[in-house]
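Okay, so here's the structure we're looking at.
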Amino acid sequence: MNIKNQMDDAYWMGLALEQAELAAALGEVPVGAVAVWQGQIIGAGHNRKESDQDPTAHAEMIALRDAAANQQNWRLIGVTLYCTLEPCPMCAGAMIQARLGRLVYGAKDTRFGADGSVVSILRDQPFNHQFPITTGVREEDAAALLQTFFQKLRQKQP
């Protein structure tokens, strides 16, 4: 990958990190996502499971729904999704169903990750749609947000 692409990925991931900070401000696990098509954000989301009392209200799902509504098309061909955390199996499945163009994520998720941390839905399954994946973009920033959030949560517990 050339330097310009790495800089672009870092820029867009910065916007996903801003979404994650919005989640943290709501008391949600700080995960954020932005969907980018032709240099424009067409979808964005942050975790809202607690706020919405919805188990599917993951940042990635919200960003994919937003992007599909914006495009008026469930097929997100050519769209890059930037996520601060490795997707879970549900989100990975939605990305495959959406015919996502590319995925870029920051930190690995050793509890629920579907790109090899726990299961490998995105790379090792013979689905009819696969897409390029770039990992570790601003990984330290994404991991730090999560670590700080969970440290504060543990301090609040008796």
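Going by the structure tokens order, chains are called A, B, ..., each with residues numbered from 1, while ligands are numbered from 1 in the order shown.
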
Residue list (strand (DSSP E), DSSP) for segment 10-113 of chain A, as JSON, numbers by chain: {"A": [32, 33, 34, 35, 36, 37, 40, 41, 42, 43, 44, 45, 46, 80, 81, 82, 83, 84, 85, 102, 103, 104, 105, 106, 107]}

Polymer residues at most 12 Å from His58 of chain A, only C-alpha atoms, same-chain spacing of 4 or more positions, as number ranges by chain: A: 19-20, 23, 28-33, 44-54, 62-65, 83-92, 94

Which of A:Arg111, A:Met95, A:Ser117, A:Leu153 sits closest to Arg75 of chain A [using only C-alpha atoms]: A:Met95

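When only C-alpha atoms are used to measure the gap to Gln130 of chain A, the shortest distance among A:Val34, A:Val118, A:Ala16, A:Gly93 belongs to A:Gly93.
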
Nearby residues (only C-alpha atoms) at most 10 Å from segment 76-80 of chain A, same-chain spacing under 3 positions excluded, as a PyMOL selection string: chain A and resi 9+12+34-43+64+67-68+71-73+83+95-104+131-133
